[in-house]
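A.B. asks: Could you have a look at this structure, given as structure tokens, before my questions?
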Amino acid sequence: MKDGLNWKNGALIFSSSVLGIITKAPAVVLWLTMLALVIYFSKKYLKIGKWSFFLIISVFIILLILFVNLLFPENYLKMLLPNSDSTKFTSVFQSMSKYFSVTLDRWSWSEISYWGNFGWLDTRIPSWIVNIAHYVEIASIAGVIAYFSFPQKIPEFLPKKKFVIFLIGIFIALQFAIRFADWNHFDKTGKIEIGTYGRYFLPVIFAQFFLIAIGIGMLARKYSIWKNILKILALSMIILWIYATLMVIIPRYYL
Amino acid sequence: MKYIKLKYVLILLFSLFFAVIFWNFFNILSFADSGFNFEGKSKQEKIYPNLSIIQKIKTTDNNFSQVNISVSKFSPKLGDKITLEVKDESCEKVLAKSKIGKLTWSSPNYEKFKFSPIFDSRDKTYCLQFTYIPKQNEQNKKIYLSSYISEESSYINTGKSIEEQKNRTLELKPAYENGSAWKNFSKLIDRMSQYKPDYFKRCSLEILFISSFAIIISLFIIMVILI
């Protein structure tokens with residue numbers, strides 16, 4: 001988004017979307033993200049009328065759906081669409097409301113396991129460590145809200161709005177994709193079998209860390225303070241990684 | 001007034017945390033005997049406060065340094081503890097001691113009692129005595145150990161009777177060190193090498209393991225100093 005659309009960036013976006021969808025169904029979200037970028041750049045570069053633009057984009061979306069649906073043998077798009085033959089519920093509304101009521105108390109569990117509470121190993125990272133991550137997240141959310149609420153006070157070292165919106169878009173898109181895949185399974189079976197483990201959300205960790213850094217930058221105001229806070233957070237994450245690897249995962253599997 | 005630069009504080013803190021974690025990591029390197037397997041239906045053996053459960057085991061290697069045992073319903077408060085005394089075959093002389101309490105308790109189901117290695121332990125029989133000691137005002141609390149059918153084993157739960165529970169074993173495994181920190185590390189790499197492709201075994205895995213930590217440390221230090 002910074003350098004504009006060029007061959008290198010385009011190839012990277014396309015190849016990562018292809019690799020993603022070959023790996024896991026929720027990577028459909030990458031195609032949606034790519035679509036959002038295509039619309040953004042088309043609007044920027046194509047000097048055509050509103051209706052022509054709308055027509056071109058509509059045709060492109062249809063072609064993209066056909067391309068994904070035909071090219072990949074698992075037929076992900078078909079799998080993700082609601083199917084009245086396979087559902088266990090009388091309506092989509094009933095299915096979704098039941099899904100939310102069953103999973104509402106699991107959302108915090110997903111979040112805790114995202115930060116390294118290795119529940120599936122029966123080996124837990126102390127809750128105070130996870131709480132520190134929560135406090136940092138809450139502070140950065142406040143910072144991101146301030147970023148949009150007081151645009152005249154955005155420090156110069158923070159990125160422009162379009163980048164922040166894009167990062168939030170990636171974050172929400174992955175949340176949506178994983179919940180959607182989970183609901184889709186629930187709709188067909190009527191039960192939660194695996195659930196949404198925190199590790200499923202790891203692909204969005206870069207976007208999340210950028211957003212945390214932006215939120216904290218907004219609160220810190222001065223570049224030197226912001227830089228030092230980020231250094232402390234980096235130290236904490238590295239120490240957490242070393243601790244988790246050496247004291248949790250290795251003992252659980254090999255000792 | 002002159003302030004200490006943050007980068008030096010961060011490097012110092014990083015070195016301190018890193019040293020503590022590595023020290024603990026090398027301390028926990030004891031390797032459970034994979035020859036001990038538990039099959040069939042388990043039974044929960046209740047341990048009464050301040051009374052013991054005693055079982056003899058035969059060790060297969062030198063440097064016997066740890067006993068891993070499955071414990072349930074043990075979520076200790078400050079002052080609660082389970083002690084282990086490792087005694088000789090006649091259950092008289094105490095050779096090593098260990099305890100698990102609030103600060104050393106790490107897992108809801110599986111406990112590791114660590115003690116100083118008994119160097120010459122190959123093919124010897126040891127008497128393990130577990131005692132649950134709750135806080136003074138919580139003397140009616142109990143904990144449970146899993147037990148399984150096993151033809152050559154038996155144990156005594158002194159809280160129930162002094163009769164031997166024959167043909168049963170507690171769900172426990174002896175664990176051994178390997179002589180030195182480096183040998184322990186090599187043994188760990190051996191274990192990690194299992195089920196890995198040939199090019200990713202032993203030496204290459206050792207290099208990857210060490211270099212990944214070295215790279216992380218270097219990157220952190222570079223980041224702190226240069227940025």
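In the structure tokens, each chain is lettered A, B, ... as it comes, each chain's residues begin at 1, and ligands are numbered from 1 in order of appearance.
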List every residue of chain B that has an atom at most 9 Å from any atom of chain A, and for each one report the closest atom pair and its distance in Å to one decimal, counting only C-alpha atoms, with rows sorted by chain and then by increasing residue number, as JSON lines.

C.D. replies:
{"residue": "B:Leu6", "atom": "CA", "partner": "A:Asn228", "partner_atom": "CA", "distance": 7.6}
{"residue": "B:Lys7", "atom": "CA", "partner": "A:Asn228", "partner_atom": "CA", "distance": 8.6}
{"residue": "B:Leu10", "atom": "CA", "partner": "A:Ile232", "partner_atom": "CA", "distance": 7.2}
{"residue": "B:Ile11", "atom": "CA", "partner": "A:Leu235", "partner_atom": "CA", "distance": 9.0}
{"residue": "B:Leu13", "atom": "CA", "partner": "A:Leu235", "partner_atom": "CA", "distance": 8.7}
{"residue": "B:Phe14", "atom": "CA", "partner": "A:Leu235", "partner_atom": "CA", "distance": 6.8}
{"residue": "B:Phe17", "atom": "CA", "partner": "A:Ile239", "partner_atom": "CA", "distance": 7.0}
{"residue": "B:Phe18", "atom": "CA", "partner": "A:Ile239", "partner_atom": "CA", "distance": 7.1}
{"residue": "B:Ile21", "atom": "CA", "partner": "A:Tyr243", "partner_atom": "CA", "distance": 6.4}
{"residue": "B:Phe22", "atom": "CA", "partner": "A:Leu246", "partner_atom": "CA", "distance": 7.8}
{"residue": "B:Asn24", "atom": "CA", "partner": "A:Met247", "partner_atom": "CA", "distance": 7.9}
{"residue": "B:Phe25", "atom": "CA", "partner": "A:Leu246", "partner_atom": "CA", "distance": 6.1}
{"residue": "B:Ile28", "atom": "CA", "partner": "A:Pro251", "partner_atom": "CA", "distance": 7.9}
{"residue": "B:Leu29", "atom": "CA", "partner": "A:Leu255", "partner_atom": "CA", "distance": 7.1}
{"residue": "B:Ser30", "atom": "CA", "partner": "A:Leu255", "partner_atom": "CA", "distance": 6.5}
{"residue": "B:Phe31", "atom": "CA", "partner": "A:Leu255", "partner_atom": "CA", "distance": 5.2}
{"residue": "B:Ala32", "atom": "CA", "partner": "A:Leu255", "partner_atom": "CA", "distance": 6.1}
{"residue": "B:Ser106", "atom": "CA", "partner": "A:Thr123", "partner_atom": "CA", "distance": 7.4}
{"residue": "B:Ser107", "atom": "CA", "partner": "A:Thr123", "partner_atom": "CA", "distance": 5.8}
{"residue": "B:Pro108", "atom": "CA", "partner": "A:Asp122", "partner_atom": "CA", "distance": 7.0}
{"residue": "B:Asn109", "atom": "CA", "partner": "A:Asp122", "partner_atom": "CA", "distance": 7.6}
{"residue": "B:Tyr110", "atom": "CA", "partner": "A:Asp122", "partner_atom": "CA", "distance": 8.9}
{"residue": "B:Ala175", "atom": "CA", "partner": "A:Leu255", "partner_atom": "CA", "distance": 8.6}
{"residue": "B:Leu188", "atom": "CA", "partner": "A:Tyr254", "partner_atom": "CA", "distance": 7.0}
{"residue": "B:Arg191", "atom": "CA", "partner": "A:Tyr254", "partner_atom": "CA", "distance": 6.4}
{"residue": "B:Met192", "atom": "CA", "partner": "A:Tyr254", "partner_atom": "CA", "distance": 6.8}
{"residue": "B:Phe213", "atom": "CA", "partner": "A:Ile242", "partner_atom": "CA", "distance": 8.2}
{"residue": "B:Ile216", "atom": "CA", "partner": "A:Ile238", "partner_atom": "CA", "distance": 7.8}
{"residue": "B:Ile217", "atom": "CA", "partner": "A:Ile238", "partner_atom": "CA", "distance": 8.7}
{"residue": "B:Phe220", "atom": "CA", "partner": "A:Leu235", "partner_atom": "CA", "distance": 7.5}
{"residue": "B:Met223", "atom": "CA", "partner": "A:Lys231", "partner_atom": "CA", "distance": 8.0}
{"residue": "B:Val224", "atom": "CA", "partner": "A:Lys231", "partner_atom": "CA", "distance": 6.7}
{"residue": "B:Ile227", "atom": "CA", "partner": "A:Lys227", "partner_atom": "CA", "distance": 8.1}

A.B. asks: Write out as a ChimeraX atom specification each polymer residue whose atoms come within 12 Å of Lys191 in chain A, counting only C-alpha atoms; drop sequence neighbours fewer than 3 positions from it.

C.D. replies: /A:87-89,95,98-103,182-188,194-195

A.B. asks: Could you jot down the CA of Ser52 in chain A to CA of Leu64 in chain A separation for me, Å, one decimal place?

C.D. replies: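 These atoms are spaced 18.2 Å apart.
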
A.B. asks: Leaving out Phe41 in chain A and any residue of its chain fewer than 6 positions from it, which residues lie within 12 Å of it when counting only C-alpha atoms, given as a list in words?

C.D. replies: Met1, Lys2, Asp3, Gly4, Leu5, Asn6, Gly10, Met34, Leu35, Lys47, Phe53 and Ile57 of chain A

A.B. asks: Could you check how far CA of Ser65 in chain B sits from CA of Ile118 in chain B, in Å to one decimal?

C.D. replies: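 Value for the CA of Ser65 in chain B-CA of Ile118 in chain B distance: 6.4 Å.
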
A.B. asks: Enumerate, as a ChimeraX atom specification, the complete set of residues in range 86-250 of chain A that a backbone-based DSSP assignment places in helix (DSSP H, G or I).

C.D. replies: /A:92-114,119-121,127-149,151-153,161-189,198-220,223-250

A.B. asks: Considering only C-alpha atoms, state which residue in the set B:Phe185, B:Tyr144, B:Lys77, B:Gln55 is at the smallest distance from Asn167 in chain B.

C.D. replies: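 Result for the nearest residue to Asn167 in chain B: B:Gln55.
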
A.B. asks: May I ask which of the residues B:Leu78, B:Ala96, B:Leu208, B:Ile133 is the closest one to Asn50 in chain B, counting only C-alpha atoms?

C.D. replies: B:Ile133

A.B. asks: Rank B:Phe36, B:Tyr48, B:Phe26, B:Phe115 by their smallest atom-to-atom distance to Thr131 in chain B, using only C-alpha atoms, and report the top residue only.

C.D. replies: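 Of all the options, B:Tyr48 lies closest to Thr131 in chain B.
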
A.B. asks: Please report the interatomic distance between CA of Ile249 in chain A and CA of Leu170 in chain B in Å with one decimal.

C.D. replies: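 CA of Leu170 in chain B lies at a distance of 25.3 Å from CA of Ile249 in chain A.
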